[in-house]
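Asks: Here you go, this is run.txt (compact mmCIF, C-alpha atoms).
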```txt
# COMPACT_ATOMS: atom_id res chain seq x y z
CA MET A 29 -12.06 -4.62 -14.72
CA ASN A 30 -13.14 -0.96 -14.73
CA GLU A 31 -16.53 -2.10 -13.44
CA GLN A 32 -14.82 -3.54 -10.34
CA TYR A 33 -12.75 -0.38 -9.86
CA ALA A 34 -15.85 1.79 -10.25
CA ALA A 35 -17.59 -0.22 -7.52
CA LEU A 36 -14.52 0.16 -5.28
CA ILE A 37 -14.41 3.93 -5.82
CA THR A 38 -18.03 4.39 -4.72
CA GLY A 39 -17.10 2.73 -1.42
CA PHE A 40 -14.18 5.07 -0.63
CA PRO A 41 -14.98 7.80 1.95
CA LEU A 42 -13.49 10.46 -0.36
CA PHE A 43 -16.09 9.55 -3.00
CA LYS A 44 -19.01 8.89 -0.68
CA GLU A 45 -22.33 9.44 -2.47
CA PHE A 46 -20.70 9.05 -5.91
CA THR A 47 -22.73 6.89 -8.26
CA LEU A 48 -21.25 4.25 -10.54
CA ASP A 49 -21.58 6.79 -13.37
CA GLY A 50 -19.55 9.28 -11.33
CA ALA A 51 -16.92 6.63 -10.61
CA HIS A 52 -16.74 5.76 -14.33
CA MET A 53 -16.19 9.46 -15.09
CA LEU A 54 -13.26 9.51 -12.64
CA LEU A 55 -11.80 6.41 -14.28
CA GLU A 56 -12.21 7.86 -17.78
CA CYS A 57 -10.29 10.99 -16.74
CA GLY A 58 -7.24 8.93 -15.80
CA GLU A 59 -5.44 5.67 -16.28
CA VAL A 60 -5.43 2.55 -14.09
CA LYS A 61 -1.91 1.27 -13.47
CA GLU A 62 -0.79 -1.85 -11.61
CA PHE A 63 2.42 -2.20 -9.61
CA SER A 64 4.35 -5.07 -8.07
CA PRO A 65 5.87 -4.97 -4.58
CA GLY A 66 8.95 -2.75 -4.50
CA GLU A 67 8.08 -0.73 -7.61
CA VAL A 68 8.47 3.03 -7.13
CA LEU A 69 5.55 5.16 -8.32
CA ILE A 70 6.80 8.59 -7.21
CA GLU A 71 10.34 9.82 -6.53
CA GLU A 72 11.00 12.56 -3.98
CA GLY A 73 11.98 15.73 -5.83
CA ASP A 74 10.15 14.84 -9.07
CA GLY A 75 7.89 17.39 -10.68
CA PRO A 76 4.16 17.46 -9.92
CA THR A 77 2.87 15.78 -13.08
CA PHE A 78 0.14 13.50 -11.73
CA VAL A 79 -2.12 12.55 -8.82
CA LEU A 80 -2.89 9.00 -7.64
CA ILE A 81 -5.83 7.31 -5.97
CA VAL A 82 -5.00 3.93 -4.46
CA LEU A 83 -7.54 1.41 -5.75
CA THR A 84 -6.14 -1.85 -4.34
CA GLY A 85 -3.12 -2.95 -2.35
CA LYS A 86 -0.86 -0.91 -0.14
CA LEU A 87 1.76 1.75 -0.85
CA GLN A 88 4.52 3.13 1.37
CA VAL A 89 5.25 6.84 1.49
CA PHE A 90 8.88 7.37 2.45
CA VAL A 91 11.91 9.66 2.35
CA HIS A 92 15.52 8.60 2.01
CA ARG A 93 17.72 10.15 4.70
CA GLN A 94 21.18 9.21 6.01
CA GLN A 95 21.43 6.10 3.81
CA ARG A 96 18.08 4.68 4.88
CA ASP A 97 14.41 4.88 4.01
CA LEU A 98 12.16 6.43 6.62
CA ILE A 99 8.57 5.25 6.22
CA LEU A 100 6.21 8.18 6.75
CA THR A 101 2.94 6.32 6.27
CA ASP A 102 1.18 3.48 4.52
CA ALA A 103 -1.48 4.34 1.96
CA GLY A 104 -4.32 1.94 1.33
CA PRO A 105 -7.36 1.90 -0.93
CA GLY A 106 -9.13 5.24 -1.21
CA THR A 107 -6.04 7.31 -0.38
CA ILE A 108 -5.17 10.22 -2.63
CA LEU A 109 -1.45 10.87 -3.17
CA GLY A 110 0.48 13.63 -4.88
CA GLU A 111 -2.33 16.16 -4.87
CA LEU A 112 -0.49 18.68 -2.71
CA ALA A 113 2.46 18.85 -5.09
CA VAL A 114 0.10 19.36 -8.03
CA LEU A 115 -2.06 21.92 -6.23
CA CYS A 116 0.97 23.90 -5.03
CA GLY A 117 3.13 23.38 -8.11
CA ILE A 118 6.05 22.11 -6.03
CA PRO A 119 8.36 19.08 -6.30
CA ARG A 120 7.36 15.83 -4.61
CA SER A 121 8.09 15.88 -0.87
CA ALA A 122 8.36 12.09 -0.58
CA SER A 123 8.67 8.91 -2.59
CA VAL A 124 6.00 6.24 -2.95
CA ARG A 125 6.47 2.52 -3.60
CA ALA A 126 4.20 -0.48 -3.68
CA SER A 127 4.55 -2.63 -0.56
CA GLU A 128 2.24 -5.24 -2.09
CA LYS A 129 0.61 -5.79 -5.47
CA SER A 130 -1.38 -2.59 -6.02
CA ALA A 131 -3.52 -0.75 -8.53
CA VAL A 132 -3.88 3.02 -8.72
CA LEU A 133 -5.89 5.48 -10.75
CA GLN A 134 -3.49 8.07 -12.13
CA TRP A 135 -4.72 11.48 -13.26
CA SER A 136 -2.42 13.87 -15.10
CA ALA A 137 -2.02 17.24 -13.37
CA ALA A 138 -4.20 18.84 -16.06
CA ALA A 139 -6.94 16.22 -15.73
CA PHE A 140 -6.88 16.61 -11.93
CA ARG A 141 -7.29 20.39 -12.24
CA ARG A 142 -10.18 19.92 -14.69
CA LEU A 143 -11.88 17.55 -12.23
CA LEU A 144 -11.54 20.06 -9.42
CA LEU A 145 -12.80 22.98 -11.53
CA GLY A 146 -15.71 20.96 -12.88
CA ASP A 147 -17.01 19.53 -9.59
CA ALA A 148 -17.22 21.77 -6.52
CA PHE A 149 -18.37 18.83 -4.37
CA LEU A 150 -15.29 16.79 -5.30
CA SER A 151 -13.02 19.82 -4.89
CA GLU A 152 -14.25 20.42 -1.37
CA ARG A 153 -13.67 16.80 -0.37
CA ILE A 154 -10.18 16.69 -1.86
CA PHE A 155 -9.16 19.99 -0.27
CA ARG A 156 -10.53 18.83 3.09
CA GLU A 157 -8.60 15.56 2.83
CA SER A 158 -5.43 17.40 1.79
CA LEU A 159 -5.65 19.79 4.72
CA ARG A 160 -6.29 16.87 7.08
CA THR A 161 -3.13 15.20 5.71
CA LEU A 162 -1.09 18.38 6.27
CA ILE A 163 -2.33 18.73 9.85
CA GLU A 164 -1.50 15.07 10.58
CA LYS A 165 2.01 15.56 9.18
CA GLU A 166 2.49 18.66 11.31
CA ARG A 167 1.37 16.86 14.48
CA SER A 168 3.62 13.91 13.70
CA LEU A 169 6.59 16.21 13.14
CA ILE A 170 5.98 18.05 16.41
CA GLU A 171 5.69 14.76 18.33
CA SER A 172 8.88 13.50 16.69
CA LEU A 173 10.75 16.67 17.64
CA ILE A 174 9.55 16.42 21.24
CA ARG A 175 10.65 12.77 21.43
CA SER A 176 14.05 13.59 19.93
CA GLN A 177 14.57 16.19 22.62
CA GLY A 178 13.80 13.75 25.41
CA GLY A 179 10.30 15.04 26.06
CA PHE A 180 11.48 18.63 26.40
CA LYS A 181 8.58 21.05 26.87
CA PRO A 182 9.14 24.69 25.83
CA SER A 183 7.61 25.94 29.10
CA GLU A 184 10.35 24.24 31.17
```
Written as structure tokens, that's how I'd like the structure from this file.
Replies:
Amino acid sequence: MNEQYAALITGFPLFKEFTLDGAHMLLECGEVKEFSPGEVLIEEGDGPTFVLIVLTGKLQVFVHRQQRDLILTDAGPGTILGELAVLCGIPRSASVRASEKSAVLQWSAAAFRRLLLGDAFLSERIFRESLRTLIEKERSLIESLIRSQGGFKPSE
């Protein structure tokens, strides 16, 4: 099965130009876990103990507010999750659950840090992806605030 996951990893944009050997190294640094629909992988507020790469399936990133779940985004194969909490040493900002049968590669926080310190190329890609995620969240929040205020523009 790891052979199939290694082949998948080399096709993810985050790991573009990785060889099968490089993908095997990533797999050896972590643990592949499978989840059924509805299973929660990360709870909002939990400590930053691991990072995930979605290998197969689809996950939902959500927060629970006012007695309901607000879906922030869907995460498909190749998506990295939980890296910001680990990098910043802060509690999880959202929960994650499987919306369909899924497999993830889970790295402990220590293994993730070792990967980043040992591979500048990988570090740069992960930091770039993390910053892109933050910018997208900021834009989404701003758009949501504008909509909630009926399209109010500060210059008015």
Asks: Tell me, in Å to one decimal, how far atom CA of Thr38 of chain A is from atom CA of Ala51 of chain A.
Replies: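 A separation of 6.4 Å between them.
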Asks: From the list A:Glu152, A:Glu62, A:Glu31, A:Glu72, which residue is nearest Lys86 of chain A when using all atoms listed in the file?
Replies: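 That would be A:Glu62, the residue with the smallest distance to Lys86 of chain A.
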Asks: Write out as a list in words each polymer residue whose atoms come within 9 Å of Ala34 of chain A, counting only C-alpha atoms; drop sequence neighbours fewer than 4 positions from it.
Replies: Met29, Asn30, Thr38, Gly39, Thr47, Leu48, Asp49, Gly50, Ala51, His52, Leu54 and Leu55 of chain A
Asks: Expressed in Å to a single decimal, how great is the separation between atom CA of Leu69 of chain A and atom CA of Leu173 of chain A?
Replies: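 For atom CA of Leu69 of chain A relative to atom CA of Leu173 of chain A, the distance reads 28.9 Å.
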Asks: Atom CA of Leu109 of chain A and atom CA of Ile37 of chain A, how far apart in Å?
Replies: 14.9 Å
Asks: Closest to Ser158 of chain A among A:Glu56, A:Glu128, A:Glu111, A:Asp97, using only C-alpha atoms?
Replies: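 Answer, going by the shortest atom-to-atom distance: A:Glu111.
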Asks: Of the residues A:Leu162, A:Leu36, A:Leu115, A:Ala122, which is the one nearest to Arg142 of chain A, using all atoms listed in the file?
Replies: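 Result for the nearest residue to Arg142 of chain A: A:Leu115.
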Asks: When distances are computed from only C-alpha atoms, which of A:Glu67, A:Glu171, A:Glu164, A:Glu45 shows the smallest separation from Lys129 of chain A?
Replies: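 Nearest candidate to Lys129 of chain A out of A:Glu67, A:Glu171, A:Glu164, A:Glu45: A:Glu67.
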